[in-house]
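Undergrad: One structure, pasted below without further comment.
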Amino acid sequence: MKSSFLRLLVLCVLAASCLLPASGTAADAYPTRPIVLVVPFSAGGPTDTVARILAGTMSKTLRQSVVVENRDGAGGIIGAGYVARARPDGYTFLLHHNGMATSRALYRDLPFDALKSFEYIGQIVDVPMTLVARSDLPPNDMKALVAYLHANRDKINLAHAGPGSASHMCAMQLRATLGLQLTTVSFKGTAPAMVALLGGHVDLLCDQTTQTLSYIRSKRVKLYGTTARTHISSLPSAPTLAEGGLKDFEVIVWHGIYAPKGTPKPVLDTFGNALRQALKDPAVLKRLHELGGEPVSDQKVTPAGLRDWLKAEIDKWTPLIQSESGYLD
């Protein structure tokens, strides 16, 4: 009986030793296959460009391909909903912009909850916006523009890139800050909005530096200021709109990475570490700077940093969106 007991004990120890290392090895080996980074917008756009800049460098760190997959439609809802429903195994992530904060105010029924359906990896980069006008609009600085808008409020057309877009949010903020119900004109994207501005069919457009820098530098549009709190490196001499008289005016296009709820913490840590390394790579920083991007603090490139920022942005935009337009659906 004693011999049988000892044999049973040895078998139990061997079984336990086989199970425990296997689990540890699996965690340590992650990732073992390509990772999908979902962008909920079309290929070639600003968010897609940010994703592809990061993917190459992160692939080297993770020693597996990070594949950018575009699942566009419904203002980012389709792609975000897809990731929220994905298996939480560390092989599907979401790279989204401000739409994560504004969608719950813009759409009545969402297939996800921005604050409950995801794990957080971290913020990536801030892209300031610019207020630009057709080149022949009379005012030459922001203070003069404010006076001009009050005097010509019924004649001004303010363009934006479509409901829920960053330029739409900027237009809302501008109208609210000025206290003017300026006529807004919605386009299906930034490109047609800019074409209309260049052609003199609309008067003003607020859009991110990613889209406006080349036109500003070539003087094809007139720049009135940036929407950041401080001067930005891509346009160091440009005043902020706050300096032009719009107190506390700030609209930033920000990007973050998310994972499906329930993704294991070791996986989140590994992917987050790869993101932080990529954002310290000089080549990555150079390319983001060329887009007009501004680096974020180390604290923001963390789960807590992204979660806190998302909550603050939801609190900021929800009252304004609902007072301006209500739900889109």
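Numbering starts fresh at 1 for the residues of each chain in the structure tokens, the chains themselves are lettered A, B, ... in the order given, and ligands are numbered from 1 as they appear.
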Compile the contact shell of Pro282 of chain A as a list in words: residues with an atom at most 12 Å away, counting only C-alpha atoms, same-chain residues fewer than 6 positions apart removed.

TA: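 Close residues of Pro282 of chain A: Ile53, Leu54, Thr57, Leu288, His289 and Pro295 of chain A.
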
Undergrad: Atoms to include: N, CA and C atoms. Write the selected residues as an mmCIF file, in the first residue's frame.

TA:
data_model
loop_
_atom_site.group_PDB
_atom_site.id
_atom_site.type_symbol
_atom_site.label_atom_id
_atom_site.label_comp_id
_atom_site.auth_asym_id
_atom_site.auth_seq_id
_atom_site.Cartn_x
_atom_site.Cartn_y
_atom_site.Cartn_z
ATOM 1 N N ILE A 53 2.623 53.270 -39.823
ATOM 2 C CA ILE A 53 3.918 53.726 -39.312
ATOM 3 C C ILE A 53 4.331 52.894 -38.100
ATOM 4 N N LEU A 54 3.367 52.636 -37.213
ATOM 5 C CA LEU A 54 3.655 51.871 -36.002
ATOM 6 C C LEU A 54 3.850 50.390 -36.283
ATOM 7 N N THR A 57 7.497 48.914 -37.078
ATOM 8 C CA THR A 57 8.430 48.904 -35.950
ATOM 9 C C THR A 57 7.987 47.939 -34.859
ATOM 10 N N LEU A 288 5.891 60.651 -37.809
ATOM 11 C CA LEU A 288 4.722 61.238 -37.165
ATOM 12 C C LEU A 288 4.807 62.764 -37.172
ATOM 13 N N HIS A 289 6.016 63.289 -36.986
ATOM 14 C CA HIS A 289 6.208 64.737 -37.027
ATOM 15 C C HIS A 289 5.884 65.283 -38.416
ATOM 16 N N PRO A 295 4.229 64.370 -30.054
ATOM 17 C CA PRO A 295 4.370 63.230 -29.134
ATOM 18 C C PRO A 295 3.589 63.452 -27.848
#

Undergrad: What's the 10 Å shell around Thr47 of chain A, counting only C-alpha atoms, without same-chain residues fewer than 5 positions away, as a PyMOL selection string?

TA: chain A and resi 39-42+52+95-97+210+253-255

Undergrad: Could you pull out the residues in segment 109-279 of chain A that DSSP calls helix (DSSP H, G or I) from the backbone, as a ChimeraX atom specification?

TA: /A:142-151,166-178,190-198,209-217,265-278

Undergrad: Quick one: residues within 12 Å of Leu310 of chain A, only C-alpha atoms, excluding same-chain residues fewer than 3 positions away - as a PyMOL selection string?

TA: chain A and resi 96-104+113-116+118+120+122-123+254-258+300+303-307+313-318

Undergrad: Would you mind exporting the chosen residues as a compact mmCIF listing (two decimals), in the first residue's frame, restricted to N, CA and C atoms?

TA:
# COMPACT_ATOMS: atom_id res chain seq x y z
N HIS A 96 -7.93 53.54 -32.91
CA HIS A 96 -9.06 54.45 -33.17
C HIS A 96 -8.66 55.86 -32.74
N HIS A 97 -9.42 56.85 -33.24
CA HIS A 97 -9.15 58.24 -32.85
C HIS A 97 -10.27 58.77 -31.95
N ASN A 98 -10.51 60.07 -31.98
CA ASN A 98 -11.51 60.73 -31.12
C ASN A 98 -12.88 60.09 -31.18
N GLY A 99 -13.17 59.38 -32.28
CA GLY A 99 -14.48 58.77 -32.43
C GLY A 99 -14.87 57.84 -31.30
N MET A 100 -13.88 57.32 -30.57
CA MET A 100 -14.20 56.48 -29.42
C MET A 100 -14.92 57.28 -28.34
N ALA A 101 -14.63 58.56 -28.28
CA ALA A 101 -15.25 59.42 -27.26
C ALA A 101 -16.56 60.03 -27.74
N THR A 102 -16.67 60.30 -29.03
CA THR A 102 -17.84 61.02 -29.54
C THR A 102 -18.95 60.10 -30.02
N SER A 103 -18.66 58.83 -30.32
CA SER A 103 -19.65 57.95 -30.93
C SER A 103 -20.86 57.72 -30.02
N ARG A 104 -20.62 57.62 -28.71
CA ARG A 104 -21.75 57.33 -27.81
C ARG A 104 -22.73 58.49 -27.75
N ASP A 113 -19.46 49.46 -25.84
CA ASP A 113 -19.38 50.56 -24.89
C ASP A 113 -17.91 50.93 -24.77
N ALA A 114 -17.56 52.15 -25.13
CA ALA A 114 -16.16 52.55 -25.17
C ALA A 114 -15.46 52.37 -23.83
N LEU A 115 -16.21 52.50 -22.74
CA LEU A 115 -15.61 52.40 -21.40
C LEU A 115 -15.66 51.00 -20.80
N LYS A 116 -16.43 50.08 -21.42
CA LYS A 116 -16.61 48.76 -20.81
C LYS A 116 -16.23 47.60 -21.73
N PHE A 118 -13.60 47.23 -23.80
CA PHE A 118 -12.21 47.12 -24.23
C PHE A 118 -11.25 47.15 -23.05
N TYR A 120 -7.33 48.68 -22.37
CA TYR A 120 -6.61 49.84 -22.90
C TYR A 120 -5.12 49.54 -23.01
N GLY A 122 -2.77 52.24 -24.76
CA GLY A 122 -2.19 53.55 -24.53
C GLY A 122 -2.46 54.50 -25.68
N GLN A 123 -2.26 55.78 -25.42
CA GLN A 123 -2.35 56.77 -26.49
C GLN A 123 -1.11 56.71 -27.37
N TRP A 254 -6.65 62.75 -31.42
CA TRP A 254 -5.79 61.84 -30.67
C TRP A 254 -6.10 60.40 -31.06
N HIS A 255 -5.12 59.54 -30.90
CA HIS A 255 -5.26 58.14 -31.28
C HIS A 255 -4.88 57.24 -30.11
N GLY A 256 -5.57 56.12 -29.99
CA GLY A 256 -5.25 55.16 -28.96
C GLY A 256 -5.42 53.74 -29.47
N ILE A 257 -4.83 52.79 -28.74
CA ILE A 257 -4.95 51.37 -29.10
C ILE A 257 -5.70 50.63 -28.00
N TYR A 258 -6.61 49.74 -28.43
CA TYR A 258 -7.48 49.00 -27.52
C TYR A 258 -7.44 47.51 -27.86
N LYS A 300 0.76 59.03 -20.79
CA LYS A 300 -0.39 58.79 -21.67
C LYS A 300 -0.26 57.49 -22.44
N PRO A 303 -2.19 52.11 -20.13
CA PRO A 303 -3.63 51.84 -20.03
C PRO A 303 -4.38 52.90 -19.21
N ALA A 304 -3.82 53.28 -18.08
CA ALA A 304 -4.49 54.28 -17.23
C ALA A 304 -4.55 55.63 -17.93
N GLY A 305 -3.48 55.99 -18.63
CA GLY A 305 -3.45 57.27 -19.33
C GLY A 305 -4.52 57.35 -20.40
N LEU A 306 -4.67 56.28 -21.18
CA LEU A 306 -5.69 56.27 -22.24
C LEU A 306 -7.09 56.24 -21.65
N ARG A 307 -7.31 55.43 -20.62
CA ARG A 307 -8.63 55.33 -20.01
C ARG A 307 -9.07 56.68 -19.43
N GLU A 313 -12.60 63.03 -22.43
CA GLU A 313 -13.10 63.45 -23.75
C GLU A 313 -14.60 63.17 -23.89
N ILE A 314 -15.06 62.04 -23.35
CA ILE A 314 -16.50 61.75 -23.37
C ILE A 314 -17.26 62.83 -22.61
N ASP A 315 -16.75 63.17 -21.44
CA ASP A 315 -17.40 64.20 -20.63
C ASP A 315 -17.38 65.57 -21.32
N LYS A 316 -16.34 65.83 -22.08
CA LYS A 316 -16.23 67.13 -22.77
C LYS A 316 -17.20 67.24 -23.95
N TRP A 317 -17.25 66.20 -24.78
CA TRP A 317 -17.96 66.31 -26.04
C TRP A 317 -19.44 65.96 -25.98
N THR A 318 -19.83 65.09 -25.07
CA THR A 318 -21.23 64.63 -25.06
C THR A 318 -22.23 65.78 -24.92

Undergrad: Write down as a list in words the residues belonging to segment 94-153 of chain A that are assigned strand (DSSP E) by DSSP computed on the backbone.

TA: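 Of segment 94-153 of chain A, the ones in strand (DSSP E) are Leu94, Leu95, His96, Phe118, Glu119, Tyr120, Ile121, Gly122, Gln123, Ile124, Val125, Asp126, Val127, Pro128, Met129, Thr130, Leu131, Val132, Ala133 and Arg134 of chain A.
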
Undergrad: Go ahead and write the selection's residues with C-alpha atoms as a PDB file, in the first residue's frame.

TA:
ATOM      1  CA  LEU A  94      -8.058  48.398 -32.455  1.00  0.00           C
ATOM      2  CA  LEU A  95      -6.440  51.709 -33.363  1.00  0.00           C
ATOM      3  CA  HIS A  96      -9.057  54.454 -33.167  1.00  0.00           C
ATOM      4  CA  PHE A 118     -12.214  47.122 -24.230  1.00  0.00           C
ATOM      5  CA  GLU A 119      -8.903  46.838 -22.471  1.00  0.00           C
ATOM      6  CA  TYR A 120      -6.610  49.840 -22.897  1.00  0.00           C
ATOM      7  CA  ILE A 121      -3.070  49.844 -24.299  1.00  0.00           C
ATOM      8  CA  GLY A 122      -2.185  53.555 -24.526  1.00  0.00           C
ATOM      9  CA  GLN A 123      -2.354  56.773 -26.490  1.00  0.00           C
ATOM     10  CA  ILE A 124      -0.127  57.211 -29.512  1.00  0.00           C
ATOM     11  CA  VAL A 125       0.099  60.721 -30.881  1.00  0.00           C
ATOM     12  CA  ASP A 126      -1.789  64.016 -30.831  1.00  0.00           C
ATOM     13  CA  VAL A 127      -2.484  65.765 -34.123  1.00  0.00           C
ATOM     14  CA  PRO A 128      -3.486  69.423 -33.712  1.00  0.00           C
ATOM     15  CA  MET A 129      -5.990  71.020 -36.040  1.00  0.00           C
ATOM     16  CA  THR A 130      -5.891  74.266 -37.962  1.00  0.00           C
ATOM     17  CA  LEU A 131      -8.523  76.822 -38.854  1.00  0.00           C
ATOM     18  CA  VAL A 132      -8.009  77.760 -42.498  1.00  0.00           C
ATOM     19  CA  ALA A 133      -9.925  79.821 -45.014  1.00  0.00           C
ATOM     20  CA  ARG A 134     -10.075  80.438 -48.734  1.00  0.00           C
TER      21      ARG A 134
END

Undergrad: Report as a tab-separated table: every residue of segment 61-123 of chain A with an atom at most 12 Å from segment 177-191 of chain A, its closest pair of atoms, and their distance in Å to one decimal, counting only C-alpha atoms, with rows sorted by chain and ascending residue number.

TA:
residue	atom	partner	partner_atom	distance
A:Gly73	CA	A:Lys188	CA	11.9
A:Ala74	CA	A:Lys188	CA	11.9
A:Gly75	CA	A:Gly189	CA	10.8

Undergrad: Would you work out the distance separating atom CA of Val202 of chain A from atom CA of Lys155 of chain A, expressed in Å to one decimal?

TA: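 For atom CA of Val202 of chain A relative to atom CA of Lys155 of chain A, the distance reads 10.1 Å.
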
Undergrad: Just the residues within 8 Å of Gln64 of chain A, please, counting only C-alpha atoms, with nothing from its chain fewer than 2 positions along; format it as a CSV table (one decimal) with C-alpha atoms, in the first residue's frame.

TA:
chain,number,residue,atom,x,y,z
A,31,PRO,CA,2.9,36.1,-30.0
A,32,THR,CA,3.2,33.0,-32.0
A,33,ARG,CA,1.4,34.2,-35.1
A,34,PRO,CA,0.6,37.5,-36.9
A,35,ILE,CA,-1.4,40.2,-35.0
A,59,SER,CA,6.5,43.9,-35.8
A,60,LYS,CA,10.3,43.9,-35.2
A,62,LEU,CA,7.2,41.5,-31.2
A,66,VAL,CA,1.5,43.3,-37.2

Undergrad: For Gln211 of chain A, find every residue with an atom within 10 Å (counting only C-alpha atoms), except residues of its own chain fewer than 3 positions away, and show them as a compact mmCIF listing (two decimals) with C-alpha atoms, in the first residue's frame.

TA:
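As written to disk, around33.txt reads:
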# COMPACT_ATOMS: atom_id res chain seq x y z
CA GLY A 45 -6.46 58.17 -44.36
CA PRO A 46 -4.67 59.80 -41.40
CA MET A 129 -5.99 71.02 -36.04
CA THR A 130 -5.89 74.27 -37.96
CA THR A 190 -11.60 65.91 -45.85
CA ALA A 191 -10.50 65.76 -49.50
CA MET A 194 -10.58 70.95 -49.07
CA ASP A 207 -9.08 70.20 -40.05
CA GLN A 208 -6.01 68.40 -38.78
CA SER A 214 0.95 71.36 -47.51
CA TYR A 215 -1.77 73.87 -48.44
CA ILE A 216 -0.72 76.22 -45.65
CA LEU A 291 2.23 64.39 -40.41
CA GLY A 292 2.03 67.26 -37.96
